[in-house]
Structure formats: C-alpha cells, structure tokens
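K.L.:
Here you go, this is model_12.txt (compact mmCIF, C-alpha atoms and all ligand atoms).
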# COMPACT_ATOMS: atom_id res chain seq x y z
CA MET A 494 -19.93 10.02 9.71
CA THR A 495 -16.68 11.90 9.06
CA HIS A 496 -13.52 9.84 8.78
CA LYS A 497 -10.30 11.45 10.03
CA VAL A 498 -7.52 10.95 7.48
CA PHE A 499 -3.84 11.75 7.95
CA ILE A 500 -1.54 11.72 4.91
CA ASP A 501 2.01 11.19 6.15
CA GLY A 502 4.20 12.61 3.38
CA ALA A 503 1.46 15.02 2.28
CA ALA A 504 3.97 17.39 0.64
CA GLY A 505 5.19 14.71 -1.78
CA THR A 506 4.00 13.79 -5.27
CA THR A 507 1.60 11.00 -4.27
CA GLY A 508 0.38 12.75 -1.10
CA LEU A 509 -0.51 15.95 -2.92
CA GLU A 510 -2.57 14.05 -5.52
CA ILE A 511 -4.44 12.17 -2.79
CA ALA A 512 -5.28 15.44 -1.03
CA GLU A 513 -6.46 16.88 -4.32
CA ARG A 514 -8.83 13.90 -4.82
CA LEU A 515 -10.17 14.29 -1.27
CA ALA A 516 -10.73 18.05 -1.51
CA GLY A 517 -14.39 18.91 -1.06
CA ARG A 518 -15.35 15.44 0.17
CA SER A 519 -17.44 15.88 3.27
CA GLU A 520 -17.00 12.21 4.30
CA PHE A 521 -13.42 13.01 5.30
CA SER A 522 -11.64 15.52 7.50
CA LEU A 523 -7.92 15.85 6.84
CA LEU A 524 -5.46 16.08 9.73
CA THR A 525 -2.58 18.24 8.55
CA LEU A 526 0.87 19.22 9.81
CA ASP A 527 2.52 22.45 8.76
CA ASP A 528 5.89 22.56 7.07
CA ALA A 529 7.79 22.91 10.35
CA GLN A 530 6.07 19.83 11.83
CA ARG A 531 5.64 17.44 8.92
CA LYS A 532 8.88 15.58 9.68
CA ASP A 533 8.67 15.95 13.46
CA ALA A 534 8.37 12.46 14.97
CA ASP A 535 6.14 13.51 17.91
CA ALA A 536 3.74 15.48 15.72
CA ARG A 537 3.53 12.61 13.23
CA ARG A 538 2.96 10.04 16.00
CA GLU A 539 0.10 12.09 17.40
CA ALA A 540 -1.55 12.56 13.98
CA LEU A 541 -1.01 8.90 13.02
CA ASN A 542 -2.76 7.72 16.18
CA GLU A 543 -5.57 10.26 15.99
CA ALA A 544 -6.48 9.29 12.43
CA ASP A 545 -9.11 6.71 11.51
CA VAL A 546 -7.06 6.07 8.38
CA ALA A 547 -3.38 6.98 7.88
CA ILE A 548 -2.12 7.06 4.30
CA LEU A 549 1.64 6.71 4.09
CA CYS A 550 3.20 8.49 1.09
CA LEU A 551 6.78 8.10 2.24
CA PRO A 552 10.02 6.39 1.28
CA ASP A 553 10.08 2.74 2.44
CA ASP A 554 12.13 3.28 5.61
CA ALA A 555 9.98 6.19 6.75
CA ALA A 556 6.85 4.13 6.05
CA ARG A 557 8.15 1.28 8.26
CA GLU A 558 8.95 3.83 10.95
CA ALA A 559 5.43 5.32 10.70
CA VAL A 560 3.85 1.89 11.16
CA GLU A 561 5.93 1.38 14.29
CA MET A 562 4.64 4.69 15.66
CA ILE A 563 1.03 3.49 15.46
CA ASP A 564 -0.37 1.84 18.58
CA PRO A 565 -1.52 -1.62 17.34
CA ALA A 566 -4.31 -1.60 19.92
CA GLY A 567 -5.61 1.76 18.66
CA GLY A 568 -8.17 2.39 15.93
CA THR A 569 -5.91 3.65 13.13
CA ARG A 570 -6.08 1.72 9.86
CA VAL A 571 -3.25 2.13 7.36
CA ILE A 572 -2.87 2.43 3.59
CA ASP A 573 0.82 2.32 2.70
CA ALA A 574 1.71 3.67 -0.76
CA SER A 575 5.35 2.62 -0.45
CA SER A 576 6.83 -0.73 -1.39
CA ALA A 577 7.67 -1.60 2.24
CA HIS A 578 4.77 -4.01 2.89
CA ARG A 579 3.63 -5.35 -0.48
CA THR A 580 4.52 -8.95 0.27
CA ALA A 581 4.55 -8.64 4.06
CA GLU A 582 2.55 -10.94 6.27
CA GLY A 583 -0.50 -9.38 7.87
CA TRP A 584 -0.94 -6.86 5.05
CA CYS A 585 -3.71 -6.91 2.45
CA TYR A 586 -2.50 -6.19 -1.10
CA GLY A 587 -4.63 -3.20 -2.07
CA PHE A 588 -5.71 -4.31 -5.54
CA PRO A 589 -9.46 -4.76 -4.94
CA GLU A 590 -10.16 -6.17 -8.41
CA LEU A 591 -7.70 -9.03 -7.75
CA VAL A 592 -7.96 -9.73 -4.03
CA GLY A 593 -11.66 -8.93 -3.61
CA ARG A 594 -13.29 -5.71 -2.47
CA GLU A 595 -14.50 -7.24 0.80
CA ARG A 596 -10.98 -8.23 1.80
CA VAL A 597 -9.78 -4.66 1.33
CA ALA A 598 -12.83 -3.25 3.11
CA ASP A 599 -12.16 -5.46 6.15
CA ALA A 600 -8.38 -4.92 6.32
CA ARG A 601 -6.55 -2.91 8.97
CA ARG A 602 -3.29 -2.78 6.99
CA VAL A 603 -3.46 -2.22 3.23
CA SER A 604 -0.42 -2.03 0.97
CA ASN A 605 -1.04 -0.09 -2.24
CA PRO A 606 0.41 -1.84 -5.32
CA GLY A 607 3.38 -0.35 -7.19
CA CYS A 608 2.63 1.45 -10.42
CA TYR A 609 4.31 -1.01 -12.81
CA PRO A 610 2.95 -4.07 -10.94
CA THR A 611 -0.56 -2.60 -11.28
CA GLY A 612 -0.33 -2.89 -15.08
CA PHE A 613 1.46 -6.24 -15.05
CA LEU A 614 -0.80 -7.91 -12.49
CA ALA A 615 -3.99 -6.57 -14.08
CA LEU A 616 -2.99 -8.37 -17.29
CA VAL A 617 -1.33 -11.55 -16.08
CA ALA A 618 -2.81 -12.49 -12.68
CA PRO A 619 -6.37 -13.31 -13.88
CA LEU A 620 -5.02 -15.37 -16.80
CA VAL A 621 -2.68 -17.38 -14.58
CA LEU A 622 -5.48 -17.85 -12.06
CA GLU A 623 -7.74 -19.27 -14.76
CA GLY A 624 -4.96 -21.53 -16.05
CA LEU A 625 -4.96 -19.90 -19.50
CA ILE A 626 -1.27 -19.07 -19.33
CA PRO A 627 1.26 -20.99 -17.23
CA LYS A 628 2.53 -19.96 -13.82
CA ASP A 629 5.97 -21.42 -14.58
CA TRP A 630 6.51 -19.30 -17.73
CA PRO A 631 9.52 -16.93 -17.96
CA TYR A 632 7.52 -13.68 -18.27
CA THR A 633 9.04 -10.43 -19.54
CA VAL A 634 7.70 -6.93 -18.77
CA ASN A 635 8.65 -3.89 -20.85
CA ALA A 636 7.40 -0.58 -19.51
CA VAL A 637 7.68 3.18 -19.83
CA SER A 638 6.65 5.66 -17.15
CA GLY A 639 6.26 9.39 -16.84
CA TYR A 640 8.97 10.91 -14.66
CA SER A 641 6.64 11.69 -11.72
CA GLY A 642 6.92 7.94 -11.01
CA GLY A 643 10.29 8.68 -9.45
CA GLY A 644 8.86 11.23 -6.98
CA LYS A 645 10.32 14.64 -6.18
CA ALA A 646 13.92 13.66 -6.93
CA LEU A 647 13.19 12.54 -10.50
CA ILE A 648 10.79 15.44 -11.09
CA GLU A 649 13.61 17.79 -10.15
CA ARG A 650 15.98 16.03 -12.51
CA TYR A 651 13.53 16.40 -15.42
CA GLU A 652 12.23 19.89 -14.63
CA ILE A 653 15.20 21.70 -13.12
CA SER A 654 18.46 19.94 -14.01
CA ASN A 655 19.79 20.02 -17.54
CA PRO A 656 19.92 18.29 -19.94
CA THR A 657 16.70 16.29 -19.75
CA PRO A 658 17.10 12.72 -21.02
CA ALA A 659 15.04 12.01 -24.15
CA PHE A 660 14.70 8.39 -23.02
CA ARG A 661 16.03 6.77 -19.87
CA ALA A 662 16.18 2.99 -19.56
CA TYR A 663 17.11 1.62 -16.13
CA GLY A 664 16.83 -1.40 -13.86
CA TYR A 665 19.97 -2.98 -15.29
CA ASP A 666 20.78 -4.65 -11.98
CA LEU A 667 17.76 -6.86 -12.72
CA ALA A 668 16.73 -6.40 -9.10
CA HIS A 669 14.00 -3.75 -9.30
CA LYS A 670 11.99 -3.40 -6.09
CA HIS A 671 8.79 -4.36 -7.91
CA LEU A 672 9.94 -7.89 -8.79
CA PRO A 673 8.78 -9.58 -5.55
CA GLU A 674 5.21 -8.26 -5.72
CA MET A 675 4.84 -9.13 -9.42
CA LYS A 676 5.86 -12.74 -8.76
CA ALA A 677 3.92 -13.12 -5.52
CA HIS A 678 0.60 -11.62 -6.58
CA ALA A 679 0.53 -13.23 -10.03
CA GLY A 680 1.28 -16.58 -8.37
CA LEU A 681 4.35 -17.19 -10.56
CA ASP A 682 7.10 -19.74 -10.07
CA HIS A 683 9.88 -17.43 -11.35
CA PRO A 684 10.73 -13.72 -11.06
CA VAL A 685 9.81 -11.72 -14.17
CA LEU A 686 12.41 -10.12 -16.42
CA PHE A 687 11.59 -6.42 -16.03
CA ALA A 688 12.82 -3.65 -18.36
CA PRO A 689 11.53 -0.24 -17.19
CA ALA A 690 12.19 3.16 -18.76
CA VAL A 691 11.25 6.80 -18.22
CA ILE A 692 10.07 9.29 -20.82
CA PRO A 693 10.15 13.09 -20.57
CA ALA A 694 6.43 13.44 -19.82
CA TYR A 695 5.09 14.06 -16.29
CA ARG A 696 2.58 11.21 -15.95
CA GLY A 697 1.27 8.11 -17.67
CA MET A 698 2.62 4.66 -18.31
CA ILE A 699 2.47 1.76 -20.71
CA VAL A 700 3.24 -1.71 -19.36
CA GLU A 701 3.64 -4.49 -21.90
CA VAL A 702 3.96 -8.27 -21.58
CA PRO A 703 5.01 -9.93 -24.88
CA LEU A 704 3.91 -13.57 -25.09
CA HIS A 705 5.04 -16.37 -27.43
CA LEU A 706 1.65 -18.09 -27.27
CA GLY A 707 2.66 -20.70 -29.83
CA ALA A 708 5.35 -22.00 -27.50
CA MET A 709 2.89 -22.47 -24.63
CA GLU A 710 1.16 -25.76 -24.01
CA GLY A 711 -2.22 -25.78 -25.73
CA ASN A 712 -1.32 -22.65 -27.76
CA PRO A 713 -3.83 -20.30 -26.09
CA HIS A 714 -5.43 -17.80 -28.47
CA ALA A 715 -5.23 -14.03 -27.98
CA ASP A 716 -9.02 -13.80 -28.34
CA ALA A 717 -9.49 -16.25 -25.46
CA LEU A 718 -7.16 -14.20 -23.26
CA ARG A 719 -9.01 -10.98 -24.10
CA ASP A 720 -12.40 -12.61 -23.45
CA ALA A 721 -11.18 -13.91 -20.07
CA LEU A 722 -9.96 -10.45 -19.05
CA SER A 723 -13.25 -8.88 -20.22
CA ARG A 724 -15.20 -11.31 -18.03
CA PHE A 725 -12.86 -10.77 -15.09
CA TYR A 726 -13.25 -6.96 -15.12
CA GLU A 727 -16.92 -6.92 -16.14
CA GLY A 728 -18.74 -4.13 -14.31
CA SER A 729 -15.55 -2.31 -13.31
CA GLN A 730 -15.67 1.43 -13.85
CA ILE A 731 -11.91 1.62 -13.37
CA VAL A 732 -10.45 -1.20 -15.48
CA SER A 733 -11.62 -1.62 -19.09
CA VAL A 734 -10.65 -4.26 -21.64
CA GLU A 735 -10.51 -2.91 -25.17
CA GLY A 736 -11.65 -4.75 -28.30
CA SER A 737 -9.59 -6.82 -30.74
CA HIS A 738 -9.04 -4.04 -33.27
CA ALA A 739 -5.36 -3.09 -33.06
CA PRO A 740 -4.68 0.66 -33.20
CA SER A 741 -1.64 1.58 -35.26
CA GLU A 742 -0.09 3.09 -32.12
CA LEU A 743 -0.65 3.72 -28.41
CA VAL A 744 0.39 7.20 -27.36
CA LEU A 745 1.25 8.84 -24.06
CA GLU A 746 0.62 12.55 -24.50
CA GLN A 747 3.12 15.10 -23.25
CA GLU A 748 0.47 16.55 -20.94
CA GLU A 749 -1.85 13.65 -20.06
CA ALA A 750 -4.82 14.64 -17.90
CA PRO A 751 -4.90 12.77 -14.55
CA THR A 752 -6.95 9.58 -14.74
CA ASP A 753 -7.70 6.75 -12.35
CA ALA A 754 -8.85 4.49 -15.17
CA MET A 755 -6.73 1.71 -16.66
CA GLN A 756 -7.13 0.32 -20.17
CA LEU A 757 -6.07 -3.23 -21.04
CA PHE A 758 -5.35 -4.49 -24.56
CA VAL A 759 -4.61 -7.93 -26.02
CA PHE A 760 -3.17 -7.92 -29.53
CA GLY A 761 -2.55 -11.20 -31.36
CA ASN A 762 -0.94 -11.93 -34.73
CA GLU A 763 -2.55 -13.68 -37.67
CA GLY A 764 -1.16 -17.17 -37.07
CA GLY A 765 -1.82 -17.06 -33.33
CA TRP A 766 1.86 -17.50 -32.38
CA ASN A 767 2.46 -14.13 -30.72
CA ALA A 768 0.53 -11.74 -28.52
CA ARG A 769 1.22 -8.45 -26.75
CA LEU A 770 -0.67 -7.75 -23.52
CA VAL A 771 -0.66 -4.02 -22.80
CA ALA A 772 -1.87 -1.85 -19.91
CA LYS A 773 -2.16 1.92 -20.19
CA LEU A 774 -2.58 3.81 -16.92
CA ASP A 775 -1.56 6.86 -14.94
CA ASN A 776 1.28 6.11 -12.51
CA LEU A 777 -0.27 8.68 -10.16
CA GLY A 778 -3.84 7.41 -10.77
CA LYS A 779 -4.52 3.68 -10.53
CA GLY A 780 -0.73 3.41 -10.09
CA ALA A 781 -0.69 5.33 -6.77
CA SER A 782 -3.01 8.12 -5.55
CA GLY A 783 -6.18 6.97 -7.32
CA ALA A 784 -5.66 3.44 -5.99
CA ALA A 785 -5.11 4.82 -2.47
CA VAL A 786 -8.41 6.73 -2.66
CA GLN A 787 -10.19 3.65 -4.08
CA ASN A 788 -8.90 1.66 -1.08
CA LEU A 789 -9.80 4.47 1.33
CA ASN A 790 -13.36 4.47 -0.01
CA LEU A 791 -13.61 0.72 0.55
CA LEU A 792 -12.18 0.93 4.09
CA CYS A 793 -14.80 3.56 4.93
CA GLY A 794 -17.70 1.63 3.40
CA LEU A 795 -18.12 4.09 0.52
CA PRO A 796 -18.56 3.37 -3.23
CA GLU A 797 -15.06 2.62 -4.53
CA THR A 798 -15.05 5.19 -7.33
CA THR A 799 -16.17 8.25 -5.33
CA GLY A 800 -13.76 11.13 -5.93
CA LEU A 801 -11.79 9.32 -8.64
CA HIS A 802 -10.92 10.85 -12.01
CA LEU A 803 -12.78 8.57 -14.39
CA PRO A 804 -14.00 8.99 -17.96
CA ILE A 805 -17.62 10.13 -18.14
CA ALA A 806 -19.64 7.04 -19.09
N1 LIG A 901 5.24 8.74 -7.69
C1 LIG A 901 4.60 7.65 -8.07
O1 LIG A 901 4.11 7.53 -9.22
C2 LIG A 901 4.42 6.51 -7.13
C3 LIG A 901 4.98 6.53 -5.84
N2 LIG A 901 4.77 5.45 -5.01
C4 LIG A 901 5.39 5.40 -3.67
O2 LIG A 901 4.76 6.33 -2.80
C5 LIG A 901 5.70 6.80 -1.85
C6 LIG A 901 5.80 8.32 -1.99
O3 LIG A 901 6.28 8.57 -3.31
P1 LIG A 901 6.31 10.01 -3.96
O4 LIG A 901 5.15 10.79 -3.49
O5 LIG A 901 6.51 9.80 -5.40
O6 LIG A 901 7.66 10.57 -3.32
P2 LIG A 901 8.11 12.07 -3.08
O7 LIG A 901 9.59 12.04 -2.98
O8 LIG A 901 7.50 12.96 -4.10
O9 LIG A 901 7.47 12.42 -1.67
C7 LIG A 901 7.84 11.81 -0.48
C8 LIG A 901 7.50 12.75 0.65
O10 LIG A 901 7.85 12.13 1.88
C9 LIG A 901 8.49 13.12 2.70
N3 LIG A 901 9.31 12.44 3.70
C10 LIG A 901 10.48 11.77 3.53
N4 LIG A 901 10.93 11.28 4.71
C11 LIG A 901 10.01 11.66 5.65
C12 LIG A 901 9.89 11.46 7.04
N5 LIG A 901 10.81 10.77 7.74
N6 LIG A 901 8.82 11.98 7.69
C13 LIG A 901 7.88 12.68 7.03
N7 LIG A 901 7.93 12.91 5.69
C14 LIG A 901 8.98 12.39 5.02
C15 LIG A 901 9.29 13.93 1.71
O11 LIG A 901 9.68 15.17 2.27
P3 LIG A 901 10.44 16.30 1.43
O12 LIG A 901 9.36 17.00 0.68
O13 LIG A 901 11.07 17.16 2.47
O14 LIG A 901 11.42 15.60 0.53
C16 LIG A 901 8.30 14.07 0.58
O15 LIG A 901 7.43 15.16 0.76
C17 LIG A 901 7.05 6.14 -2.16
O16 LIG A 901 7.26 5.01 -1.36
C18 LIG A 901 6.87 5.76 -3.63
O17 LIG A 901 7.73 4.74 -3.99
C19 LIG A 901 3.99 4.42 -5.39
C20 LIG A 901 3.43 4.34 -6.64
C21 LIG A 901 3.68 5.35 -7.62
C1 LIG A 902 9.85 6.11 -12.86
C2 LIG A 902 10.30 5.52 -11.55
O1 LIG A 902 11.39 5.77 -11.09
N1 LIG A 902 9.45 4.69 -10.96
C3 LIG A 902 9.74 4.07 -9.70
C4 LIG A 902 8.58 3.24 -9.24
C5 LIG A 902 7.40 4.04 -8.81
C6 LIG A 902 6.54 3.23 -7.86
O2 LIG A 902 5.62 2.52 -8.18
O3 LIG A 902 7.01 3.28 -6.64
P1 LIG A 902 6.81 2.32 -5.43
O4 LIG A 902 7.07 0.93 -5.83
O5 LIG A 902 7.75 2.74 -4.39
O6 LIG A 902 5.45 2.44 -4.99
C7 LIG A 902 10.93 3.14 -9.79
O7 LIG A 902 11.17 2.52 -10.82
O8 LIG A 902 11.57 2.93 -8.74
Any chance you could give the structure as structure tokens?

P.N.:
Amino acid sequence: MTHKVFIDGAAGTTGLEIAERLAGRSEFSLLTLDDAQRKDADARREALNEADVAILCLPDDAAREAVEMIDPAGGTRVIDASSAHRTAEGWCYGFPELVGRERVADARRVSNPGCYPTGFLALVAPLVLEGLIPKDWPYTVNAVSGYSGGGKALIERYEISNPTPAFRAYGYDLAHKHLPEMKAHAGLDHPVLFAPAVIPAYRGMIVEVPLHLGAMEGNPHADALRDALSRFYEGSQIVSVEGSHAPSELVLEQEEAPTDAMQLFVFGNEGGWNARLVAKLDNLGKGASGAAVQNLNLLCGLPETTGLHLPIA
C-alpha cells in the first residue's frame, strides 16, 4: 500500500529534511505544490484533504490554519511539527518512547515534540514517572542549539547577515514557548527555568539538566538514575544511554552529520551530591524531521526506524 503524504511548508528547513528522509521510499507518494502554489490556500486545502497523512512544517499560526482546512470527517491524519498543539486536547504528543508506540500508531492528530523538550523530557520524564526524582522540584535546563533550530530566518542571520554571533544566549523573558510542554509531559508541578543559547554551527544540540541530588529527599544516586534510564530505553535503536565513564568533554562539531539518534548521559560526582543529566541530539533529527518520520512510520504501521539516519549497529 502507498500512503499519500503532503508536507505543508515543504520549502522550509524541517520540511526539506523530511522530504530527504522519504526520498526513495516506495511506501509513500509525496503530494507536492510548486513555488507559485505552496502558499495558496485553495491548493493547500486540496492537498491537505487528499493526503493520508499531512505533515505540517509551518509557523504556529499557519499550522492552526492548516488544521482548520482539513475536513474532520475525512481520512487525513496529521503530524504537526510546530508548537501549536503540543499540550492541546485531542492531540497525541508524538514522543513514542514516552507515550507508547501504540498510542502514536492509533492517533489521528500527532504533535511532534519541540527540539529542546525532546532532550529534557527524554532525561527527566522517566525518572519522575518512576519516582526517582521529585515532580515538585525546581528544575533548570541549560541548552545550546545549532542555528537551524531557528528556521530560515535564523539561518539567514548566521549565513548571510554579518557579523555572525560567536555565542547567542536568549530566552531572557523566561517565557520560552517550550515551557508548557516540558512541564506537562514530564508531569511537573512547576515550570522549568530554561536557559537556551545558539552556537554558530548548523545543527546539533546539547540539553543539560543539573541536579543537586544531595538536596533531594532520599539522596538518589546518579548510578540509579542512569540504570533507570537504561532500562527505560532498552531495545531502542534511537535513544541510547551511555555508561558511567565521564568524557572530558562533549563536543558539537562545526559540521555534524545528520542523525536521528539521541544519546543520554548521567554524570555524578564522587560524594553523590551533584549530577548532570545530558542529552545530545540533532535538532533536525530526533528534534524535528527524524521524529516526524518516526511518527509517520508508526501511523502507517511500518517499523519506526525505517528511513532514519541512525548509527550502523
Ligand atoms: N528547525 C528546527 O530545528 C525545528 C523546527 N520546528 C518547528 O517546525 C516548524 C517549521 O520550522 P522550520 O522548518 O524551522 O521553519 P522555516 O522557517 O525554515 O520554514 C517554514 C516554512 O513554512 C512556510 N510558510 C510560512 N507560512 C506559510 C503559509 N501560510 N502557507 C504555506 N507555507 C507557509 C515558509 O515559507 P517561506 O519559505 O516563503 O518563508 C517556510 O518555507 C515551526 O513551527 C518550527 O518551530 C520544530 C522542531 C525543530
Ligand atoms: C535555536 C532556536 O531558535 N530554536 C527555536 C526552537 C526550535 C523548535 O523546537 O521549534 P518549535 O518549538 O517551534 O518546534 C526557539 O528557541 O524558538
């Protein structure tokens, strides 16, 4: 069976990488609009309703508008890469490892997680769920992203405008759009304190959650947290939990190859007081396009890793 897929926003950063992952896959036929039609409401409506699966790679407002164009009684299922529906009722949060692969496979409306929340939730959600770290803790998230995370506008700033920032910290309004999904899907009582930044590399991200374990009730041990994450992601070809040996550094290369894999680390200090939980991923891989293709595979009853960029086992 061939599944008809329409990528709304196909000319953007996330859309192009999804199309690249789907190229050559005979299970799918892509519905496309040419440059003159790709923002034409009638042409989009027709393609959205003809598709078996529509993947929205649009700004939030345009994504909401696209959903409204789809006849709810029709057969089109939706994967939304924007942040418009990540905590919305009636939408499945498209993080199969956390919500369950069957739930994604059965959903008609799937909201792809944000790139930073993917790293944060992968680390924290299973540990909160198992009661190893508290849900009422004031969590902090420090993160750096490649500039493609900001889409075409930020890519232009880094590749065309001058001068290029050597380091760009932002989010100083403490109201980043990712806060609601981090709180909701980790099951936390409080919003996290989020400090994001951008580096002058195209792709890749490191998301870090520093923990004062010694101040937590029961003083959980870093080894116990790592073991719990290893059990949680056992068998995953996408998410891996690395061993206890601390490397002297974690590096994002200037020209990282695309990857849909995500590595998790738990580093603890000698006395067991402090730990650093770290996720390394590709903002355009598991952080966006790779996750969309993983969800698409599940919606279509296919193995979740087909077409993904993963390390050779
Ligand atoms: N980049 C990333 O790492 C991640 C992005 N996302 C999310 O995915 C979505 C897409 O992001 P990204 O690909 O980076 O963004 P881009 O800015 O690179 O691409 C967005 C695309 O949408 C098109 N577009 C805008 N408005 C309309 C409209 N009304 N009708 C049709 N097309 C429209 C744009 O057209 P034009 O080319 O003319 O500007 C552009 O091609 C966003 O919601 C983003 O937040 C999520 C996770 C990570
Ligand atoms: C570097 C950069 O600017 N990153 C974006 C988030 C990218 C992302 O995950 O976007 P969505 O939540 O829309 O899916 C930001 O901080 O707004």

K.L.:
Would you give me, as JSON lines, each residue of chain A having an atom within 6 Å of an atom of ligand LIG 901 (chain A), along with its shortest atom pair and that distance in Å to one decimal, using all atoms listed in the file and sorting by chain and residue number?

P.N.:
{"residue": "A:Gly502", "atom": "CA", "partner": "A:LIG901", "partner_atom": "O10", "distance": 4.0}
{"residue": "A:Ala504", "atom": "CA", "partner": "A:LIG901", "partner_atom": "O15", "distance": 4.1}
{"residue": "A:Gly505", "atom": "CA", "partner": "A:LIG901", "partner_atom": "O9", "distance": 3.2}
{"residue": "A:Thr506", "atom": "CA", "partner": "A:LIG901", "partner_atom": "O4", "distance": 3.7}
{"residue": "A:Thr507", "atom": "CA", "partner": "A:LIG901", "partner_atom": "O4", "distance": 3.6}
{"residue": "A:Gly508", "atom": "CA", "partner": "A:LIG901", "partner_atom": "O4", "distance": 5.7}
{"residue": "A:Arg531", "atom": "CA", "partner": "A:LIG901", "partner_atom": "C13", "distance": 5.6}
{"residue": "A:Lys532", "atom": "CA", "partner": "A:LIG901", "partner_atom": "C13", "distance": 4.1}
{"residue": "A:Cys550", "atom": "CA", "partner": "A:LIG901", "partner_atom": "C6", "distance": 4.0}
{"residue": "A:Leu551", "atom": "CA", "partner": "A:LIG901", "partner_atom": "O10", "distance": 4.2}
{"residue": "A:Pro552", "atom": "CA", "partner": "A:LIG901", "partner_atom": "O16", "distance": 4.1}
{"residue": "A:Asp553", "atom": "CA", "partner": "A:LIG901", "partner_atom": "O16", "distance": 5.2}
{"residue": "A:Ala555", "atom": "CA", "partner": "A:LIG901", "partner_atom": "N5", "distance": 4.8}
{"residue": "A:Ala574", "atom": "CA", "partner": "A:LIG901", "partner_atom": "O2", "distance": 4.5}
{"residue": "A:Ser575", "atom": "CA", "partner": "A:LIG901", "partner_atom": "O16", "distance": 3.2}
{"residue": "A:Ser576", "atom": "CA", "partner": "A:LIG901", "partner_atom": "O16", "distance": 5.8}
{"residue": "A:Gly607", "atom": "CA", "partner": "A:LIG901", "partner_atom": "C20", "distance": 4.7}
{"residue": "A:Cys608", "atom": "CA", "partner": "A:LIG901", "partner_atom": "C20", "distance": 4.8}
{"residue": "A:Ser641", "atom": "CA", "partner": "A:LIG901", "partner_atom": "N1", "distance": 5.2}
{"residue": "A:Gly642", "atom": "CA", "partner": "A:LIG901", "partner_atom": "O1", "distance": 3.4}
{"residue": "A:Gly643", "atom": "CA", "partner": "A:LIG901", "partner_atom": "N1", "distance": 5.3}
{"residue": "A:Gly644", "atom": "CA", "partner": "A:LIG901", "partner_atom": "O5", "distance": 3.2}
{"residue": "A:Lys645", "atom": "CA", "partner": "A:LIG901", "partner_atom": "O8", "distance": 3.9}
{"residue": "A:Asn776", "atom": "CA", "partner": "A:LIG901", "partner_atom": "O1", "distance": 4.6}
{"residue": "A:Leu777", "atom": "CA", "partner": "A:LIG901", "partner_atom": "O1", "distance": 4.6}
{"residue": "A:Gly780", "atom": "CA", "partner": "A:LIG901", "partner_atom": "C21", "distance": 5.4}
{"residue": "A:Ala781", "atom": "CA", "partner": "A:LIG901", "partner_atom": "C20", "distance": 4.2}

K.L.:
In Å, with one decimal, what is the gap from atom O1 of ligand LIG 902 (chain A) to atom CA of A:Val691?

P.N.:
7.2 Å

K.L.:
Using only C-alpha atoms and all ligand atoms, which of the listed residues (A:Glu674, A:Glu746, A:Glu590, A:Asp545) sits closest to ligand LIG 902 (chain A)?

P.N.:
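For ligand LIG 902 (chain A), the nearest of the candidates is A:Glu674.
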
K.L.:
Could you check the closest approach to ligand LIG 902 (chain A) for each of A:Ser782, A:Thr525, A:Asn655, A:Gln756 and tell me which residue wins, using all atoms listed in the file?

P.N.:
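So, comparing all the options, the nearest one is A:Ser782.
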
K.L.:
For atom CA of A:Gly583 and atom CA of A:Leu622, determine how far apart the two atoms are, in Å to one decimal place.

P.N.:
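Result for atom CA of A:Gly583 versus atom CA of A:Leu622: 22.2 Å, one decimal.
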
K.L.:
Can you pull out every residue within 6 Å of A:Lys497, counting all atoms listed in the file, but drop anything in the same chain fewer than 3 positions away, and send it as a PyMOL selection string?

P.N.:
chain A and resi 521-523+544-545

K.L.:
Every residue with an atom at most 7 Å from (-0.7, -11.9, -27.2) (file coordinates; only C-alpha atoms) is what I'm after, so could you write them as a list in words?

P.N.:
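Here the neighbourhood of the point contains Pro703, Leu704, Leu706, Ala715, Val759, Phe760, Gly761, Asn767, Ala768, Arg769 and Leu770 of chain A.
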
K.L.:
Rank A:Pro658, A:Pro804, A:Pro610, A:Gly794 by their smallest atom-to-atom distance to ligand LIG 902 (chain A), using all atoms listed in the file, and report the top residue only.

P.N.:
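With all atoms listed in the file as the atom set, the closest residue is A:Pro610.
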
K.L.:
Could you tell me which of A:Val786, A:Ala636, A:Val546, A:Ile805 comes closest to A:Gln730 if we count all atoms listed in the file?

P.N.:
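Closest to A:Gln730, using all atoms listed in the file: A:Ile805.
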
K.L.:
Which is closer to ligand LIG 902 (chain A) than all the others in A:Tyr663, A:Phe588, A:Tyr651, A:Trp630, using all atoms listed in the file?

P.N.:
A:Tyr663

K.L.:
Smallest atom-to-atom distance to A:Ser729: which of A:Met675, A:Leu591, A:Leu681, A:Ile563, using all atoms listed in the file?

P.N.:
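Going through A:Met675, A:Leu591, A:Leu681, A:Ile563 one by one, the smallest distance to A:Ser729 is for A:Leu591.
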
K.L.:
Give the padded box for ligand LIG 902 (chain A) as lines of an AutoDock Vina configuration file: axis-aligned, covering all atoms listed in the file, 3 Å on each side, centre and edge lengths in Å to one decimal.

P.N.:
center_x = 8.5
center_y = 3.5
center_z = -8.6
size_x = 12.1
size_y = 11.2
size_z = 14.5

K.L.:
Atom CA of A:Ser519 and atom O5 of ligand LIG 902 (chain A), how far apart in Å?

P.N.:
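Answer for the atom O5 of ligand LIG 902 (chain A) to atom CA of A:Ser519 separation: 29.4 Å.
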
K.L.:
Could you list, as an MDAnalysis selection string, every residue within 10 Å of A:Ala559, counting all atoms listed in the file and ignoring same-chain residues fewer than 4 positions away?

P.N.:
chainID A and resid 501 534 537:538 541 547 549 551 553:555 563 571 573

K.L.:
Please identify every residue of stretch 581-665 of chain A that has at least one atom no farther than 12 Å from an atom of stretch 707-712 of chain A, counting only C-alpha atoms, and for each give the shortest atom pair and the distance in Å to one decimal, arranged by chain then increasing number, as a tab-separated table.

P.N.:
residue	atom	partner	partner_atom	distance
A:Gly624	CA	A:Glu710	CA	10.9
A:Leu625	CA	A:Gly711	CA	9.0
A:Ile626	CA	A:Met709	CA	7.5
A:Pro627	CA	A:Met709	CA	7.7
A:Lys628	CA	A:Met709	CA	11.1
A:Asp629	CA	A:Met709	CA	10.6
A:Trp630	CA	A:Met709	CA	8.4
A:Pro631	CA	A:Met709	CA	10.9
A:Tyr632	CA	A:Met709	CA	11.8

K.L.:
List as a list in words the protein and nucleic acid residues near stretch 599-602 of chain A, meaning an atom at most 8 Å away when all atoms listed in the file are counted, but skip any in the same chain fewer than 2 places from it.

P.N.:
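The filter keeps Thr569, Arg570, Val571, Ile572, Asp573, Gly583, Trp584, Cys585, Glu595, Arg596, Val597, Ser604 and Leu792 of chain A.
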
K.L.:
What's around A:Ala677 at 10 Å? Count only C-alpha atoms, leave out sequence neighbours fewer than 6 positions away in its own chain, and write the answer as a PyMOL selection string.

P.N.:
chain A and resi 579-580+614+618+683-684
